[in-house]
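final-v2.cif follows; it contains mmCIF, C-alpha atoms.
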data_work
#
loop_
_atom_site.label_atom_id
_atom_site.label_comp_id
_atom_site.auth_asym_id
_atom_site.auth_seq_id
_atom_site.Cartn_x
_atom_site.Cartn_y
_atom_site.Cartn_z
CA MET A 1254 -18.45 -39.51 -5.90
CA ASP A 1255 -18.11 -41.96 -3.01
CA ASP A 1256 -14.79 -43.57 -3.83
CA PRO A 1257 -12.23 -41.99 -1.47
CA LYS A 1258 -9.39 -42.71 -3.91
CA ALA A 1259 -11.27 -40.83 -6.64
CA ILE A 1260 -11.74 -37.87 -4.27
CA ILE A 1261 -8.01 -37.82 -3.59
CA GLU A 1262 -7.29 -38.07 -7.31
CA THR A 1263 -9.52 -35.06 -7.99
CA TYR A 1264 -7.88 -33.12 -5.18
CA VAL A 1265 -4.36 -33.89 -6.42
CA ARG A 1266 -5.32 -32.77 -9.92
CA ASP A 1267 -6.63 -29.50 -8.46
CA VAL A 1268 -3.35 -28.94 -6.61
CA VAL A 1269 -1.00 -29.69 -9.51
CA ARG A 1270 -3.05 -27.47 -11.83
CA HIS A 1271 -1.57 -24.51 -9.91
CA LEU A 1272 2.03 -25.76 -10.09
CA PRO A 1273 4.65 -25.13 -12.78
CA ARG A 1274 4.25 -27.65 -15.61
CA ARG A 1275 7.63 -29.32 -15.02
CA GLN A 1276 6.72 -30.15 -11.40
CA ARG A 1277 3.21 -31.43 -11.98
CA HIS A 1278 3.79 -35.14 -12.61
CA ASP A 1279 6.45 -35.59 -9.96
CA VAL A 1280 4.63 -33.72 -7.21
CA GLY A 1281 1.26 -35.15 -8.25
CA PHE A 1282 2.51 -38.72 -8.08
CA GLU A 1283 4.13 -38.22 -4.69
CA LEU A 1284 1.18 -36.29 -3.25
CA ARG A 1285 -1.33 -38.92 -4.37
CA SER A 1286 0.80 -41.68 -2.90
CA LEU A 1287 1.22 -39.85 0.44
CA LEU A 1288 -2.44 -38.91 0.72
CA ASN A 1289 -3.51 -42.48 0.02
CA GLU A 1290 -1.10 -43.69 2.66
CA ASP A 1291 -2.41 -41.06 5.09
CA LEU A 1292 -5.95 -42.21 4.37
CA ASP A 1293 -5.02 -45.85 4.96
CA GLY A 1294 -3.37 -44.80 8.23
CA ARG A 1295 -6.52 -43.01 9.35
CA ALA A 1296 -8.63 -46.00 8.40
CA ALA A 1297 -6.34 -48.33 10.38
CA ASP A 1298 -6.46 -45.99 13.40
CA SER A 1299 -10.26 -45.78 13.34
CA GLY A 1300 -10.72 -49.52 12.73
CA ARG A 1301 -13.05 -49.09 9.74
CA PRO A 1302 -12.50 -48.97 5.99
CA ALA A 1303 -11.71 -45.61 4.38
CA ASP A 1304 -14.76 -43.80 3.04
CA ALA A 1305 -15.59 -40.49 1.33
CA ALA A 1306 -16.17 -38.64 4.62
CA MET A 1307 -12.76 -39.74 5.91
CA ALA A 1308 -11.08 -38.64 2.68
CA LEU A 1309 -12.80 -35.26 2.80
CA GLU A 1310 -11.77 -34.80 6.43
CA LEU A 1311 -8.15 -35.53 5.49
CA LEU A 1312 -8.20 -33.17 2.51
CA THR A 1313 -9.92 -30.37 4.43
CA ALA A 1314 -7.14 -30.55 7.02
CA PHE A 1315 -4.56 -30.60 4.21
CA GLY A 1316 -5.81 -27.27 2.89
CA ARG A 1317 -7.39 -25.72 -0.16
CA PRO A 1318 -5.63 -26.85 -3.37
CA GLN A 1319 -4.45 -23.36 -4.28
CA GLU A 1320 -2.98 -22.78 -0.81
CA VAL A 1321 -1.25 -26.15 -0.93
CA ALA A 1322 0.19 -25.30 -4.34
CA ASP A 1323 1.45 -22.00 -2.87
CA ARG A 1324 3.31 -23.97 -0.20
CA TYR A 1325 5.11 -25.97 -2.89
CA ARG A 1326 6.36 -22.85 -4.58
CA PRO A 1327 9.34 -20.82 -3.36
CA ALA A 1328 8.45 -17.45 -1.80
CA GLY A 1329 7.66 -14.92 -4.51
CA PHE A 1330 8.34 -11.21 -4.38
CA THR A 1331 6.07 -8.52 -2.99
CA VAL A 1332 4.46 -6.26 -5.55
CA ILE A 1333 2.78 -3.87 -3.13
CA ARG A 1334 4.31 -3.75 0.33
CA PRO A 1335 1.88 -3.66 3.26
CA ALA A 1336 3.08 -0.16 4.18
CA ASP A 1337 2.26 1.08 0.66
CA ALA A 1338 -1.07 -0.75 0.30
CA PRO A 1339 -3.40 1.89 1.83
CA ARG A 1340 -1.81 4.72 -0.21
CA PHE A 1341 -1.92 2.59 -3.36
CA ALA A 1342 -5.61 1.83 -2.78
CA TRP A 1343 -6.38 5.51 -2.22
CA ILE A 1344 -4.54 6.61 -5.36
CA ALA A 1345 -6.06 3.85 -7.51
CA LEU A 1346 -9.64 4.24 -6.28
CA GLY A 1347 -9.35 8.03 -5.91
CA GLY A 1348 -8.25 8.37 -9.55
CA LEU A 1349 -11.10 6.14 -10.67
CA VAL A 1350 -13.73 8.05 -8.68
CA LEU A 1351 -12.33 11.41 -9.82
CA GLN A 1352 -12.57 10.40 -13.49
CA TRP A 1353 -16.09 9.11 -12.97
CA ALA A 1354 -17.16 12.29 -11.16
CA VAL A 1355 -15.85 14.58 -13.89
CA THR A 1356 -17.05 12.52 -16.85
CA LEU A 1357 -20.47 11.77 -15.33
CA ILE A 1358 -21.18 15.48 -14.92
CA ASP A 1359 -20.10 16.04 -18.50
CA ALA A 1360 -22.19 13.10 -19.75
CA PHE A 1361 -25.35 14.49 -18.18
CA THR A 1362 -24.82 18.18 -19.01
CA SER A 1363 -23.35 18.23 -22.51
CA PRO A 1364 -25.73 18.32 -25.50
CA VAL A 1365 -26.28 15.07 -27.39
CA ALA A 1366 -25.21 14.96 -31.06
CA THR A 1367 -28.13 14.78 -33.50
CA ASP A 1368 -26.82 11.62 -35.18
CA GLU A 1369 -26.69 9.69 -31.86
CA TRP A 1370 -28.97 6.71 -31.13
CA VAL A 1371 -32.63 7.41 -30.37
CA TYR A 1372 -32.46 7.12 -26.56
CA ALA A 1373 -29.14 8.95 -26.25
CA ALA A 1374 -30.77 11.98 -24.61
CA SER A 1375 -32.66 9.99 -21.92
CA TRP A 1376 -30.98 9.64 -18.51
CA TRP A 1377 -30.37 5.92 -18.92
CA GLY A 1378 -29.19 6.44 -22.49
CA ARG A 1379 -26.64 8.97 -21.26
CA LEU A 1380 -25.66 6.61 -18.44
CA THR A 1381 -25.22 3.69 -20.85
CA THR A 1382 -23.17 5.78 -23.28
CA TRP A 1383 -21.06 7.05 -20.39
CA TRP A 1384 -20.50 3.55 -18.93
CA LEU A 1385 -19.45 2.10 -22.29
CA SER A 1386 -16.98 4.95 -22.85
CA TRP A 1387 -15.58 6.77 -19.81
CA GLY A 1388 -17.11 4.51 -17.14
CA LEU A 1389 -15.25 1.39 -18.21
CA GLY A 1390 -12.42 3.38 -19.76
CA ALA A 1391 -11.50 4.88 -16.39
CA PHE A 1392 -10.15 1.47 -15.36
CA TRP A 1393 -7.03 2.29 -17.36
CA TRP A 1394 -5.80 4.11 -14.26
CA PRO A 1395 -5.64 1.15 -11.80
CA GLY A 1396 -4.24 -0.98 -14.64
CA PHE A 1397 -1.57 1.64 -15.36
CA LEU A 1398 -0.65 1.82 -11.67
CA ILE A 1399 -0.45 -1.96 -11.30
CA THR A 1400 1.73 -2.30 -14.41
CA PHE A 1401 4.21 0.33 -13.25
CA THR A 1402 4.20 -1.03 -9.69
CA LEU A 1403 5.01 -4.47 -11.09
CA ILE A 1404 7.86 -3.12 -13.20
CA SER A 1405 9.29 -1.04 -10.35
CA ALA A 1406 8.92 -3.99 -7.91
CA ALA A 1407 10.78 -6.27 -10.32
CA LEU A 1408 13.51 -3.69 -10.96
CA GLY A 1409 13.82 -2.63 -7.33
CA ARG A 1410 13.91 -6.19 -6.00
CA HIS A 1411 17.63 -6.82 -6.46
CA ARG A 1412 18.60 -3.23 -5.70
CA ARG A 1413 16.81 -3.35 -2.35
CA GLU A 1414 18.37 -6.67 -1.44
CA THR A 1415 21.94 -5.53 -2.08
CA LYS A 1416 21.90 -1.89 -0.95
CA PRO A 1417 21.65 -0.96 2.72
CA TRP A 1418 19.44 1.96 3.65
CA ALA A 1419 20.98 5.40 3.43
CA PRO A 1420 19.29 8.79 3.70
CA ARG A 1421 18.74 10.27 0.26
CA ARG A 1422 19.03 13.78 1.65
CA THR A 1423 18.63 15.36 5.02
CA ILE A 1424 15.27 17.03 5.23
CA ASP A 1425 14.90 20.08 7.43
CA ARG A 1426 11.67 21.64 6.25
CA ASP A 1427 11.62 24.14 9.12
CA HIS A 1428 14.88 25.76 8.08
CA VAL A 1429 14.36 29.02 6.16
CA ASN A 1430 16.39 30.62 3.44
CA ARG A 1431 16.91 34.12 4.83
CA PRO A 1432 17.88 35.86 1.55
CA ALA A 1433 14.79 34.34 -0.08
CA ILE A 1434 12.57 35.63 2.74
CA VAL A 1435 14.13 39.13 2.49
CA LEU A 1436 13.54 39.07 -1.27
CA GLY A 1437 9.96 37.86 -0.74
CA LEU A 1438 9.29 40.59 1.80
CA ALA A 1439 10.74 43.25 -0.52
CA PHE A 1440 8.70 42.10 -3.52
CA GLY A 1441 5.62 41.70 -1.31
CA ALA A 1442 5.98 45.24 0.03
CA ALA A 1443 6.48 46.64 -3.46
CA GLY A 1444 3.47 44.69 -4.80
CA ALA A 1445 1.23 45.71 -1.90
CA THR A 1446 2.28 49.37 -2.29
CA LEU A 1447 1.51 49.21 -6.01
CA MET A 1448 -1.88 47.64 -5.40
CA ILE A 1449 -2.74 50.17 -2.68
CA ALA A 1450 -1.63 53.03 -4.94
CA LEU A 1451 -3.43 51.70 -8.03
CA PRO A 1452 -6.78 53.44 -7.30
CA TRP A 1453 -4.90 56.76 -7.41
CA LEU A 1454 -3.07 55.94 -10.65
CA ALA A 1455 -4.37 59.07 -12.39
CA VAL A 1456 -2.99 61.22 -9.54
CA TRP A 1457 0.58 59.86 -9.45
CA ALA A 1458 0.92 58.98 -13.13
CA PRO A 1459 -1.09 61.65 -14.96
CA GLY A 1460 0.95 61.17 -18.11
CA LEU A 1461 -0.47 57.72 -18.82
CA PRO A 1462 -2.85 57.43 -21.79
CA GLN A 1463 -6.55 57.59 -20.92
CA PRO A 1464 -7.34 53.95 -22.02
CA VAL A 1465 -4.73 52.69 -19.52
CA LEU A 1466 -6.18 54.85 -16.76
CA ASP A 1467 -9.68 53.61 -17.65
CA ALA A 1468 -8.55 49.99 -17.63
CA PHE A 1469 -7.27 50.33 -14.05
CA THR A 1470 -10.36 52.04 -12.69
CA PHE A 1471 -11.60 49.96 -9.76
CA ASP A 1472 -15.24 49.27 -9.15
CA PRO A 1473 -16.17 51.70 -6.32
CA ARG A 1474 -18.10 49.08 -4.32
CA PHE A 1475 -15.13 46.70 -4.52
CA LEU A 1476 -12.81 49.38 -3.14
CA ARG A 1477 -15.23 50.44 -0.41
CA GLU A 1478 -16.40 47.04 0.86
CA ARG A 1479 -14.03 44.27 -0.20
CA ALA A 1480 -10.55 45.52 -1.06
CA ILE A 1481 -9.99 46.91 2.43
CA TRP A 1482 -9.75 43.36 3.88
CA ALA A 1483 -6.52 42.74 2.03
CA LEU A 1484 -4.71 45.28 4.21
CA PRO A 1485 -4.85 43.40 7.58
CA LEU A 1486 -3.93 40.17 5.78
CA TRP A 1487 -0.91 41.80 4.13
CA ALA A 1488 0.14 43.35 7.43
CA ALA A 1489 -0.21 40.03 9.27
CA GLY A 1490 1.72 38.25 6.48
CA PHE A 1491 4.62 40.71 6.78
CA ALA A 1492 4.61 40.28 10.57
CA VAL A 1493 4.73 36.47 10.40
CA ASN A 1494 7.49 36.46 7.78
CA THR A 1495 9.50 38.99 9.77
CA ILE A 1496 9.26 36.78 12.88
CA VAL A 1497 10.38 33.76 10.82
CA LEU A 1498 13.25 35.81 9.34
CA ILE A 1499 14.48 36.74 12.81
CA ALA A 1500 14.07 33.21 14.23
CA GLY A 1501 15.68 31.60 11.17
CA ARG A 1502 13.23 28.68 11.39
CA TRP A 1503 9.57 27.90 11.02
CA GLU A 1504 8.03 26.87 14.31
CA ARG A 1505 4.68 25.32 15.06
CA ARG A 1506 3.20 28.67 16.11
CA THR A 1507 4.40 30.51 13.00
CA ARG A 1508 3.19 27.65 10.80
CA LEU A 1509 -0.26 27.82 12.43
CA ALA A 1510 -0.30 31.60 11.94
CA GLY A 1511 0.67 31.06 8.28
CA LEU A 1512 -2.12 28.51 7.97
CA ALA A 1513 -4.67 30.93 9.45
CA LEU A 1514 -3.49 33.62 7.03
CA GLY A 1515 -3.81 31.22 4.11
CA VAL A 1516 -7.38 30.40 5.10
CA GLY A 1517 -8.06 34.13 5.49
CA TRP A 1518 -6.78 34.81 1.96
CA LEU A 1519 -8.83 31.90 0.64
CA VAL A 1520 -12.03 33.35 2.13
CA VAL A 1521 -11.27 36.89 0.92
CA LEU A 1522 -10.35 35.79 -2.61
CA VAL A 1523 -13.46 33.62 -3.00
CA TRP A 1524 -15.52 36.53 -1.69
CA TRP A 1525 -13.94 38.90 -4.20
CA LEU A 1526 -14.51 36.50 -7.06
CA VAL A 1527 -18.14 35.65 -6.41
CA THR A 1528 -19.62 38.96 -5.27
CA GLY A 1529 -19.24 41.29 -8.20
CA ARG A 1530 -16.82 43.26 -10.34
CA ILE A 1531 -13.31 44.30 -9.42
CA PHE A 1532 -12.56 46.65 -12.33
CA VAL A 1533 -15.08 48.79 -14.16
CA ASP A 1534 -13.66 47.82 -17.54
CA GLU A 1535 -14.95 44.44 -18.78
CA ALA A 1536 -11.65 43.17 -20.21
CA ALA A 1537 -9.64 44.29 -17.19
CA ASP A 1538 -12.17 42.65 -14.88
CA GLU A 1539 -11.92 39.34 -16.77
CA ALA A 1540 -8.12 39.47 -16.66
CA ALA A 1541 -8.22 40.24 -12.93
CA THR A 1542 -10.63 37.36 -12.32
CA PHE A 1543 -8.31 34.99 -14.17
CA GLY A 1544 -5.31 36.27 -12.22
CA LEU A 1545 -7.15 35.88 -8.91
CA LEU A 1546 -8.10 32.31 -9.84
CA LEU A 1547 -4.42 31.51 -10.29
CA VAL A 1548 -3.65 33.15 -6.94
CA LEU A 1549 -6.46 31.09 -5.41
CA VAL A 1550 -4.88 27.86 -6.67
CA PHE A 1551 -1.52 28.95 -5.26
CA VAL A 1552 -3.17 29.76 -1.88
CA ILE A 1553 -4.87 26.34 -1.76
CA VAL A 1554 -1.59 24.56 -2.54
CA ASP A 1555 0.15 26.65 0.13
CA ILE A 1556 -2.54 25.78 2.71
CA VAL A 1557 -2.22 22.05 1.97
CA VAL A 1558 1.61 22.14 2.13
CA THR A 1559 1.61 24.20 5.34
CA ALA A 1560 -1.02 21.94 6.93
CA ARG A 1561 1.04 18.85 6.08
CA ARG A 1562 4.24 20.38 7.40
CA THR A 1563 2.51 21.57 10.57
CA SER A 1564 1.32 18.07 11.40
CA ALA A 1565 4.28 16.16 9.91
CA SER A 1566 6.60 16.43 12.89
CA ILE A 1567 6.59 13.38 15.15
CA ARG A 1568 4.94 14.39 18.39
CA PRO A 1569 5.68 12.73 21.74
CA PRO A 1570 2.90 10.50 23.10
CA MET A 1571 0.57 11.64 25.89
CA VAL A 1572 2.17 10.31 29.07
CA ARG A 1573 0.01 9.77 32.11
CA ALA A 1574 1.57 11.23 35.28
CA MET B 1295 -12.90 -13.14 25.24
CA VAL B 1296 -11.59 -16.35 26.83
CA ASP B 1297 -11.96 -18.10 23.48
CA GLY B 1298 -10.20 -15.19 21.84
CA SER B 1299 -7.21 -15.30 24.18
CA ALA B 1300 -7.06 -19.11 23.94
CA GLY B 1301 -7.11 -18.81 20.15
CA GLN B 1302 -4.40 -16.19 20.28
CA ALA B 1303 -2.24 -18.38 22.54
CA LEU B 1304 -2.74 -21.29 20.12
CA LYS B 1305 -1.73 -19.12 17.18
CA LEU B 1306 1.39 -17.92 19.00
CA GLU B 1307 2.28 -21.51 19.88
CA GLN B 1308 1.88 -22.48 16.22
CA ASP B 1309 4.21 -19.62 15.25
CA LEU B 1310 6.71 -20.86 17.81
CA ARG B 1311 6.57 -24.39 16.40
CA LYS B 1312 6.88 -23.09 12.85
CA GLY B 1313 10.23 -21.60 13.78
CA VAL B 1314 11.68 -24.98 14.73
CA LEU B 1315 9.98 -26.98 11.99
CA VAL B 1316 12.96 -27.07 9.65
CA LEU B 1317 15.34 -28.15 12.40
CA ALA B 1318 12.95 -30.91 13.49
CA VAL B 1319 12.62 -32.18 9.90
CA LEU B 1320 16.36 -32.06 9.23
CA SER B 1321 17.04 -33.95 12.48
CA GLN B 1322 14.96 -36.90 11.27
CA LEU B 1323 16.44 -36.97 7.79
CA ARG B 1324 19.91 -38.04 8.83
CA THR B 1325 18.51 -41.40 7.77
CA GLN B 1326 16.34 -41.51 4.67
CA GLN B 1327 12.59 -41.23 5.07
CA TYR B 1328 9.60 -40.67 2.81
CA GLY B 1329 6.89 -38.15 3.65
CA TYR B 1330 4.48 -40.37 5.53
CA SER B 1331 7.14 -42.23 7.52
CA LEU B 1332 8.77 -38.92 8.43
CA ARG B 1333 5.49 -37.55 9.72
CA GLN B 1334 4.97 -40.69 11.80
CA ALA B 1335 8.50 -40.46 13.18
CA LEU B 1336 8.04 -36.82 14.18
CA ALA B 1337 4.61 -37.50 15.72
CA GLU B 1338 5.99 -40.42 17.75
CA ARG B 1339 8.66 -38.08 19.16
CA GLY B 1340 6.06 -35.50 20.19
CA MET B 1341 6.32 -33.21 17.17
CA PRO B 1342 3.16 -33.75 15.10
CA ILE B 1343 3.20 -31.77 11.87
CA GLU B 1344 0.24 -31.39 9.54
CA GLU B 1345 0.56 -33.23 6.25
CA GLY B 1346 -0.28 -30.07 4.32
CA THR B 1347 2.69 -28.33 5.87
CA LEU B 1348 5.23 -31.14 5.87
CA TYR B 1349 5.00 -32.48 2.32
CA PRO B 1350 5.45 -29.15 0.52
CA LEU B 1351 8.21 -28.25 3.02
CA LEU B 1352 10.23 -31.30 1.92
CA ARG B 1353 10.10 -30.11 -1.68
CA ARG B 1354 11.11 -26.59 -0.73
CA LEU B 1355 14.06 -27.82 1.34
CA GLU B 1356 15.11 -29.99 -1.57
CA SER B 1357 14.95 -27.04 -3.98
CA GLN B 1358 17.14 -25.11 -1.53
CA GLY B 1359 19.73 -27.87 -1.74
CA LEU B 1360 19.32 -29.03 1.86
CA LEU B 1361 17.80 -32.41 0.94
CA ALA B 1362 18.43 -35.02 -1.71
CA SER B 1363 15.69 -37.34 -2.85
CA GLN B 1364 15.05 -40.34 -5.05
CA TRP B 1365 12.18 -42.61 -6.01
CA GLN B 1366 12.47 -46.05 -4.51
CA VAL B 1367 10.32 -49.18 -4.45
CA ASP B 1368 10.45 -51.32 -1.31
CA ASP B 1369 7.42 -53.28 -0.17
CA GLY B 1370 4.71 -51.12 -1.66
CA PRO B 1371 4.15 -48.39 -4.22
CA PRO B 1372 7.04 -46.20 -5.43
CA ARG B 1373 7.96 -43.64 -2.78
CA ARG B 1374 10.13 -40.59 -2.81
CA TYR B 1375 12.78 -40.88 -0.10
CA TYR B 1376 14.50 -37.81 1.30
CA THR B 1377 17.79 -37.51 3.12
CA LEU B 1378 20.17 -34.71 4.11
CA SER B 1379 22.48 -33.52 1.35
CA ALA B 1380 26.07 -32.52 2.22
CA HIS B 1381 24.94 -28.89 2.37
CA GLY B 1382 21.92 -29.94 4.45
CA ALA B 1383 24.12 -31.81 6.93
CA GLU B 1384 26.34 -28.75 7.32
CA THR B 1385 23.29 -26.52 7.79
CA TYR B 1386 21.84 -28.97 10.29
CA ARG B 1387 25.03 -28.78 12.40
CA GLU B 1388 24.91 -24.98 12.34
CA LEU B 1389 21.23 -24.89 13.22
CA THR B 1390 21.77 -27.34 16.07
CA GLY B 1391 24.42 -25.04 17.55
CA ALA B 1392 22.15 -22.02 17.14
CA TRP B 1393 19.25 -23.94 18.72
CA ARG B 1394 21.29 -24.93 21.80
CA SER B 1395 22.46 -21.37 22.31
CA LEU B 1396 18.92 -20.05 21.82
CA THR B 1397 17.28 -22.50 24.21
CA SER B 1398 19.85 -21.80 26.92
CA VAL B 1399 19.27 -18.04 26.55
CA VAL B 1400 15.48 -18.38 26.51
CA ASP B 1401 15.61 -20.82 29.42
CA ARG B 1402 17.55 -18.27 31.46
CA LEU B 1403 15.06 -15.54 30.50
CA VAL B 1404 12.07 -17.68 31.39
CA VAL B 1405 13.60 -18.79 34.72
CA GLU B 1406 14.45 -15.18 35.65
CA GLU B 1407 10.88 -14.12 34.91
CA GLY B 1408 9.40 -17.15 36.72
#

Taking this structure as input, can you express it in the form of structure tokens?
Amino acid sequence: MDDPKAIIETYVRDVVRHLPRRQRHDVGFELRSLLNEDLDGRAADSGRPADAAMALELLTAFGRPQEVADRYRPAGFTVIRPADAPRFAWIALGGLVLQWAVTLIDAFTSPVATDEWVYAASWWGRLTTWWLSWGLGAFWWPGFLITFTLISAALGRHRRETKPWAPRRTIDRDHVNRPAIVLGLAFGAAGATLMIALPWLAVWAPGLPQPVLDAFTFDPRFLRERAIWALPLWAAGFAVNTIVLIAGRWERRTRLAGLALGVGWLVVLVWWLVTGRIFVDEAADEAATFGLLLVLVFVIVDIVVTARRTSASIRPPMVRA
Amino acid sequence: MVDGSAGQALKLEQDLRKGVLVLAVLSQLRTQQYGYSLRQALAERGMPIEEGTLYPLLRRLESQGLLASQWQVDDGPPRRYYTLSAHGAETYRELTGAWRSLTSVVDRLVVEEG
């Protein structure tokens, strides 16, 4: 293609392809006319006839057709704002990777049905089956996020333009609810007392039926080696909460102490769960394990929330003297 | 590093020029012009604007109601001629006032610093 006019014609067609249909002929006609005139101007300036190289130089400077088409359009609206883009990417990709991680493990560990295809049990057979089901299927998550982001961007567009910013509610996460802390301390003390007294249940509640007493019989090794570590953690927890109750606010030091206590509980609970029985009775032990797992989840959530709140305050910059 | 800072200065200068682009275009459309002749007129007055920027800008200004346009045939192919609309003329007057105030403020700032 050496004819410069033909190059311009192709370029103009590429530009108008990206424009709304009603604009195409009008803009295309004008653009072709202007580009041809520009080319003639360049040829006159250089003192030689227009050629393909000259046309390409002109069009390269003009811009890629899609970018030029963008310039013809009015400014659109932002679907994902720059400030939200990293979080959006993390949530979208994180959800995808999480689904893949869970389903891949399942795909390689679960037994294969007898009526499956002949290579279903081989590693690549499992991988293929997984990819054609959960692997590709997991893309529903980014699609779901994009769809709802689009809808919320379209709905929020006019609202944002007309409404000035106003605080939704004043957030003072360091403020404490004193009655709630008193209640928590009271229930905590009662619970701790009950747990400490539980090994001597037969002594202080001799009237209870024997199956109940048997159900609450602790494993002796648990009591001797592991249970004892709950006592300093309880004591420290009461101390921290009492300090917060008196101060009326969480401070950085008390939050850090709370964080250390949370980590301490996490270590102790995992230790309890993985190193043997808690109750002698099988059913009671299973129930206790389940209960401790729930407590573990609560402790992890508490650690994450405390860690976020500890680091959430805006700190002053380091100033050189 | 020198190339980098020169490139950065060039980019900042382009941003600066972008800010006054609309005013420059409106100033030349008090009499009707078509795209190519407008570009020549601006370049002759020391304000060269790339074709890829100017031609779409004319359409956008027209869609905003600042310009009016019509196809016309003089001594050549049909050309689309642009001129200020009534709203465009009003906007141009306002922008001119804002520009004068801005340049006097920036001039003072630059002189103080210099």

(request) Run the PyMOL selection byres ((chain A) within 6 of (chain B)) on the file and write out the hits as a ChimeraX atom specification. (result) /A:1315,1324-1325

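With all atoms listed in the file as the basis for measurement, A:Ala1489 is the residue among A:Ala1342, A:Ile1499, A:Leu1408, A:Ala1489 that approaches Gly1511 of chain A most closely.
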
(message) Residue by residue, what does the PyMOL selection byres ((chain A and resi 1486) around 10) grab here? Present the result as a PyMOL selection string.
(response) chain A and resi 1481-1485+1487-1492+1513-1515+1517-1518+1521

(message) At a cut-off of 12 Å around the point (4.1, 25.8, 15.3) (file coordinates), what residues fall inside when counting only C-alpha atoms? I'd like the answer as number ranges by chain.
(response) A: 1427, 1493, 1497, 1502-1513, 1559-1566, 1568

Could you write out that same residue set with C-alpha atoms as a tab-separated table (two decimals), keeping the file's coordinate frame?
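Once written, selection07.tsv looks like this:
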chain	number	residue	atom	x	y	z
A	1427	ASP	CA	11.62	24.14	9.12
A	1493	VAL	CA	4.73	36.47	10.40
A	1497	VAL	CA	10.38	33.76	10.82
A	1502	ARG	CA	13.23	28.68	11.39
A	1503	TRP	CA	9.57	27.90	11.02
A	1504	GLU	CA	8.03	26.87	14.31
A	1505	ARG	CA	4.68	25.32	15.06
A	1506	ARG	CA	3.20	28.67	16.11
A	1507	THR	CA	4.40	30.51	13.00
A	1508	ARG	CA	3.19	27.65	10.80
A	1509	LEU	CA	-0.26	27.82	12.43
A	1510	ALA	CA	-0.30	31.60	11.94
A	1511	GLY	CA	0.67	31.06	8.28
A	1512	LEU	CA	-2.12	28.51	7.97
A	1513	ALA	CA	-4.67	30.93	9.45
A	1559	THR	CA	1.61	24.20	5.34
A	1560	ALA	CA	-1.02	21.94	6.93
A	1561	ARG	CA	1.04	18.85	6.08
A	1562	ARG	CA	4.24	20.38	7.40
A	1563	THR	CA	2.51	21.57	10.57
A	1564	SER	CA	1.32	18.07	11.40
A	1565	ALA	CA	4.28	16.16	9.91
A	1566	SER	CA	6.60	16.43	12.89
A	1568	ARG	CA	4.94	14.39	18.39

(message) One number please: atom CA of Ser1363 of chain A to atom CA of Arg1379 of chain A, in Å, one decimal.
(response)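 So the two atoms, atom CA of Ser1363 of chain A and atom CA of Arg1379 of chain A, lie 9.9 Å apart.
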
(request) Do a neighbour search on Ile1404 of chain A at 12 Å with all atoms listed in the file, toss out local chain neighbours closer than 6 positions, and write the hits as a list in words. (result)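 Residues meeting the cut-off are Phe1330, Thr1331, Val1332, Ile1333, Phe1397, Leu1398 and Arg1410 of chain A.
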
(message) Just to confirm, what's the straight-line distance from atom CA of Ser1379 of chain B to atom CA of Ser1321 of chain B in Å (one decimal)?
(response)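 About the pair atom CA of Ser1379 of chain B and atom CA of Ser1321 of chain B: they are 12.4 Å apart.
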
(message) I'd like the interatomic distance between atom CA of Ile1343 of chain B and atom CA of Ala1314 of chain A, to a tenth of an Å.
(response) 11.5 Å

(message) Residue by residue, what does the PyMOL selection byres ((chain A and resi 1279-1289) around 8) grab here? Present the result as an MDAnalysis selection string.
(response) (chainID A and resid 1258 1261:1262 1265:1266 1268:1269 1276:1278 1290:1293) or (chainID B and resid 1329:1330 1349 1371 1373:1374)

(request) In the coordinates of the file, take the point (13.0, -23.9, 23.0) and a cut-off of 12 Å; then, counting all atoms listed in the file, name each qualifying protein, DNA or RNA residue as number ranges by chain. (result) B: 1307, 1310-1315, 1317-1318, 1390, 1392-1404

(message) Residues within 12 Å of Gln1322 of chain B, please, as a count of residues only. Count all atoms listed in the file; anything in the same chain fewer than 2 positions from it doesn't count.
(response) 30

Padding 8 Å on every side, please: axis-aligned box over the listed atoms of segment 1368-1386 of chain B, centre and edge lengths to one decimal in Å, as AutoDock Vina command-line options.
--center_x 15.2 --center_y -39.9 --center_z 2.4 --size_x 38.2 --size_y 42.8 --size_z 31.7

Could you extract segment 1374-1391 of chain A of the given structure into a file holding C-alpha atoms, as an mmCIF file, in the first residue's frame?
data_model
loop_
_atom_site.group_PDB
_atom_site.id
_atom_site.type_symbol
_atom_site.label_atom_id
_atom_site.label_comp_id
_atom_site.auth_asym_id
_atom_site.auth_seq_id
_atom_site.Cartn_x
_atom_site.Cartn_y
_atom_site.Cartn_z
ATOM 1 C CA ALA A 1374 -7.703 -40.340 38.290
ATOM 2 C CA SER A 1375 -4.368 -39.268 36.720
ATOM 3 C CA TRP A 1376 -2.915 -35.922 37.856
ATOM 4 C CA TRP A 1377 -3.487 -34.245 34.501
ATOM 5 C CA GLY A 1378 -6.963 -35.767 34.274
ATOM 6 C CA ARG A 1379 -7.821 -34.271 37.656
ATOM 7 C CA LEU A 1380 -6.270 -30.957 36.586
ATOM 8 C CA THR A 1381 -8.267 -30.922 33.334
ATOM 9 C CA THR A 1382 -11.514 -31.779 35.122
ATOM 10 C CA TRP A 1383 -10.790 -29.091 37.702
ATOM 11 C CA TRP A 1384 -9.943 -26.434 35.075
ATOM 12 C CA LEU A 1385 -13.102 -27.124 33.075
ATOM 13 C CA SER A 1386 -15.256 -26.886 36.206
ATOM 14 C CA TRP A 1387 -13.974 -24.824 39.147
ATOM 15 C CA GLY A 1388 -10.880 -23.400 37.418
ATOM 16 C CA LEU A 1389 -12.799 -21.491 34.767
ATOM 17 C CA GLY A 1390 -15.907 -21.241 36.931
ATOM 18 C CA ALA A 1391 -14.047 -19.194 39.538
#
